[in-house]
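Read through the structure below, which is laid out as structure tokens, and then see the notes.
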Amino acid sequence: MMDIVNGAKVNDGAQIAKGAVGIAGSLGGAVAVGAIGGPLGMAVGAGIGLLTFGFGKLMDLISDKPHKISELQID
């Protein structure tokens, strides 16, 4: 949720997308665990969590934040 808010403040689409996918992944994992149940539901939920984590890392690489931060200028 904070990724969406912070991304909106600085107009960073990658951070907004990361936050949205994080929320969707959390809800999807919880629904999978509840709907399927048992060990298979837990495995599917864990798989969704890993995909969500991987997408978040991909968004961090695409946005290239460490380099953008070094280019900030104070007026």
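By convention here, the chains of the structure tokens are called A, B, ... in the order presented, each chain's residues are numbered starting at 1, and ligands are numbered starting at 1 in the order presented.
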
Discussion item. Please list as a PyMOL selection string every residue within 6 Å of range 14-26 of chain A, counting only C-alpha atoms and excluding residues in the same chain fewer than 3 positions away.
Written reply: chain A and resi 1+3-4+7+29+52+56+59

Worksheet item: Skipping near chain neighbours, those fewer than 6 positions away, what residues fall within 9 Å of Gly28 in chain A using only C-alpha atoms, listed as a ChimeraX atom specification?
Response: /A:45,48-49

For the residues selected in the previous step, produce a file with all heavy atoms as an mmCIF file, in the first residue's frame.
data_model
loop_
_atom_site.group_PDB
_atom_site.id
_atom_site.type_symbol
_atom_site.label_atom_id
_atom_site.label_comp_id
_atom_site.auth_asym_id
_atom_site.auth_seq_id
_atom_site.Cartn_x
_atom_site.Cartn_y
_atom_site.Cartn_z
ATOM 1 N N GLY A 45 -0.281 -20.943 -2.741
ATOM 2 C CA GLY A 45 -0.133 -19.627 -2.109
ATOM 3 C C GLY A 45 1.317 -19.182 -2.056
ATOM 4 O O GLY A 45 1.644 -18.027 -2.318
ATOM 5 N N ILE A 48 2.415 -18.125 -5.551
ATOM 6 C CA ILE A 48 1.924 -16.781 -5.873
ATOM 7 C C ILE A 48 2.763 -15.736 -5.147
ATOM 8 O O ILE A 48 3.107 -14.701 -5.712
ATOM 9 C CB ILE A 48 0.434 -16.647 -5.523
ATOM 10 C CG1 ILE A 48 -0.399 -17.517 -6.458
ATOM 11 C CG2 ILE A 48 -0.027 -15.196 -5.594
ATOM 12 C CD1 ILE A 48 -1.858 -17.630 -6.084
ATOM 13 N N GLY A 49 3.123 -16.024 -3.895
ATOM 14 C CA GLY A 49 3.981 -15.103 -3.138
ATOM 15 C C GLY A 49 5.338 -14.921 -3.793
ATOM 16 O O GLY A 49 5.859 -13.804 -3.870
#
